[in-house]
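Engineer: A single structure is presented below for examination.
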Amino acid sequence: MVLSSVRLVALAVLAAFAISFADEKEDAIGLVKKAAEFHKKNGREKTVEILSKAESDFVNGSLYVFAYDTTGTMVAHPKNAKLIGKNLLEVPDVDGKLFRKDILELAKAGKTGWVDYKYKNPTTNKVEDKTTYVMKAGDLVLCCGAYK
């Protein structure tokens, strides 16, 4: 009986985590779409400016929108300003995956979707599994990732 209770609790915790992660993914999509609308109304310069701020409508806890240009150069990042202006196309994650190439391929094909990789979570300072939602807006590639 005790073992069954432990299993039920474990299943409940896993289910809550799955729901929480699904909610985060939906929130990431919402933030990217909101950033694309902002870009449409305000243009590239204002979009890059606001996406580079640590506090804005495009930062929500561990979720934040960042942007590349179509060459793989980071043009906006609210959590790590040192990345801005750097071409990161050939910089792999800890497993050697050139995930930014996947991000750009998706965007250049005019598609939206998710790219999985490993990245240092600025909240925990640990390398974690991350999935990032990608959408092209003008000449910007807008991204928002959720840590798994």
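Just so we're on the same page: first chain in the structure tokens is A, next is B, and so on; residues restart at 1 for each chain, and ligands are numbered from 1 in the order they show up.
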Would you kindly return, as number ranges by chain, each protein, DNA or RNA residue with an atom no farther than 12 Å from any atom of A:Ala109, considering only C-alpha atoms and excluding same-chain residues fewer than 5 positions away?

Structural biologist: A: 70, 102-104, 134-136, 141

Engineer: Okay, now the selection with N, CA and C atoms, as a PDB file, in the first residue's frame?

Structural biologist:
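Written output follows (out38.pdb):
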ATOM      1  N   THR A  70      20.119  37.246 -39.724  1.00  0.00           N
ATOM      2  CA  THR A  70      20.064  36.033 -40.550  1.00  0.00           C
ATOM      3  C   THR A  70      21.440  35.419 -40.830  1.00  0.00           C
ATOM      4  N   ASP A 102      20.512  25.232 -36.979  1.00  0.00           N
ATOM      5  CA  ASP A 102      19.139  24.711 -37.031  1.00  0.00           C
ATOM      6  C   ASP A 102      18.128  25.846 -36.878  1.00  0.00           C
ATOM      7  N   ILE A 103      18.421  26.778 -35.972  1.00  0.00           N
ATOM      8  CA  ILE A 103      17.539  27.926 -35.758  1.00  0.00           C
ATOM      9  C   ILE A 103      17.418  28.741 -37.046  1.00  0.00           C
ATOM     10  N   LEU A 104      18.547  29.040 -37.671  1.00  0.00           N
ATOM     11  CA  LEU A 104      18.527  29.856 -38.889  1.00  0.00           C
ATOM     12  C   LEU A 104      17.881  29.131 -40.063  1.00  0.00           C
ATOM     13  N   VAL A 134      11.240  29.393 -32.493  1.00  0.00           N
ATOM     14  CA  VAL A 134      11.868  30.262 -33.481  1.00  0.00           C
ATOM     15  C   VAL A 134      10.822  30.809 -34.443  1.00  0.00           C
ATOM     16  N   MET A 135      10.951  32.116 -34.745  1.00  0.00           N
ATOM     17  CA  MET A 135      10.080  32.749 -35.733  1.00  0.00           C
ATOM     18  C   MET A 135      10.846  33.907 -36.380  1.00  0.00           C
ATOM     19  N   LYS A 136      10.755  34.024 -37.688  1.00  0.00           N
ATOM     20  CA  LYS A 136      11.405  35.121 -38.398  1.00  0.00           C
ATOM     21  C   LYS A 136      10.448  36.305 -38.462  1.00  0.00           C
ATOM     22  N   VAL A 141      15.583  37.022 -36.416  1.00  0.00           N
ATOM     23  CA  VAL A 141      15.162  35.687 -36.028  1.00  0.00           C
ATOM     24  C   VAL A 141      14.885  35.762 -34.527  1.00  0.00           C
TER      25      VAL A 141
END

Engineer: Taking the DSSP assignment computed from this structure's backbone, write out as a PyMOL selection string all residues of stretch 11-119 of chain A that belong to helix (DSSP H, G or I).

Structural biologist: chain A and resi 11-51+81-83+99-108

Engineer: Could you give me the residues within chain A that DSSP places in strand (DSSP E or B), as a PyMOL selection string?

Structural biologist: chain A and resi 59-60+63-69+73-76+87+113-120+127-137+140-147

Engineer: Return the single residue from A:Gly113, A:Lys79, A:Lys34, A:Lys41 that is closest to A:Lys53, with distances computed using only C-alpha atoms.

Structural biologist: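 Counting only C-alpha atoms, the residue closest to A:Lys53 is A:Lys79.
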
Engineer: Need to verify the contact set: A:Ala81, 12 Å, only C-alpha atoms, exclusion of same-chain residues closer than 2 positions in sequence. Can you return it as a PDB file with C-alpha atoms, in the first residue's frame?

Structural biologist:
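As a result, result-v5.pdb now contains:
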ATOM      1  CA  VAL A  48      16.336  45.275 -30.898  1.00  0.00           C
ATOM      2  CA  GLU A  49      16.451  48.012 -28.267  1.00  0.00           C
ATOM      3  CA  LEU A  51      14.682  42.974 -26.525  1.00  0.00           C
ATOM      4  CA  SER A  52      18.082  43.946 -25.114  1.00  0.00           C
ATOM      5  CA  LYS A  53      16.602  45.286 -21.867  1.00  0.00           C
ATOM      6  CA  ALA A  54      16.797  43.093 -18.778  1.00  0.00           C
ATOM      7  CA  PHE A  66      16.398  37.125 -27.866  1.00  0.00           C
ATOM      8  CA  ALA A  67      17.223  37.770 -31.508  1.00  0.00           C
ATOM      9  CA  MET A  74      23.231  37.994 -31.825  1.00  0.00           C
ATOM     10  CA  VAL A  75      21.530  41.377 -32.068  1.00  0.00           C
ATOM     11  CA  ALA A  76      19.495  41.358 -28.840  1.00  0.00           C
ATOM     12  CA  HIS A  77      19.731  39.469 -25.569  1.00  0.00           C
ATOM     13  CA  PRO A  78      18.263  40.653 -22.251  1.00  0.00           C
ATOM     14  CA  LYS A  79      20.280  38.310 -20.015  1.00  0.00           C
ATOM     15  CA  LEU A  83      26.756  38.115 -26.729  1.00  0.00           C
ATOM     16  CA  ILE A  84      25.355  41.075 -28.674  1.00  0.00           C
ATOM     17  CA  GLY A  85      27.303  41.747 -31.853  1.00  0.00           C
ATOM     18  CA  LYS A  86      28.946  38.308 -31.920  1.00  0.00           C
TER      19      LYS A  86
END

Engineer: Would you compute the distance between atom CA of A:Glu90 and atom CA of A:Gly61? Give it in Å to one decimal.

Structural biologist: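 Taking atom CA of A:Glu90 as the start and atom CA of A:Gly61 as the end point, the length is 28.3 Å.
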
Engineer: Taking into account only C-alpha atoms, which residue in the set A:Ser62, A:Ser56, A:Asn42, A:Thr71 is nearest to A:Lys108?

Structural biologist: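 Answer, going by the shortest atom-to-atom distance: A:Thr71.
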
Engineer: Please identify all polymer residues within 10 Å of A:Tyr117, counting only C-alpha atoms, omitting same-chain residues fewer than 2 positions from it, and present them as a short mmCIF file (atom, residue, chain, number, x, y, z; two decimals) with C-alpha atoms, in the first residue's frame.

Structural biologist:
data_model
loop_
_atom_site.label_atom_id
_atom_site.label_comp_id
_atom_site.auth_asym_id
_atom_site.auth_seq_id
_atom_site.Cartn_x
_atom_site.Cartn_y
_atom_site.Cartn_z
CA PRO A 92 28.29 24.62 -30.47
CA ASP A 93 26.49 23.62 -27.31
CA VAL A 94 28.31 21.39 -24.79
CA ASP A 95 27.50 18.31 -26.89
CA GLY A 96 28.93 19.84 -30.06
CA LYS A 97 25.54 20.62 -31.65
CA LEU A 98 25.57 23.68 -33.91
CA PHE A 99 22.03 24.53 -32.86
CA ARG A 100 22.09 28.06 -34.24
CA VAL A 115 15.13 23.59 -31.69
CA TYR A 119 22.55 25.93 -22.66
CA GLU A 128 20.45 22.36 -18.91
CA ASP A 129 18.36 20.96 -21.75
CA LYS A 130 16.60 23.79 -23.54
CA THR A 131 14.10 24.00 -26.36
CA THR A 132 13.71 27.27 -28.23
CA GLY A 145 13.46 29.06 -24.98
CA TYR A 147 14.48 24.91 -19.94
#

Engineer: To one decimal place in Å, what is the distance between atom CA of A:Glu24 and atom CA of A:Glu37?

Structural biologist: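 It comes out at 19.8 Å.
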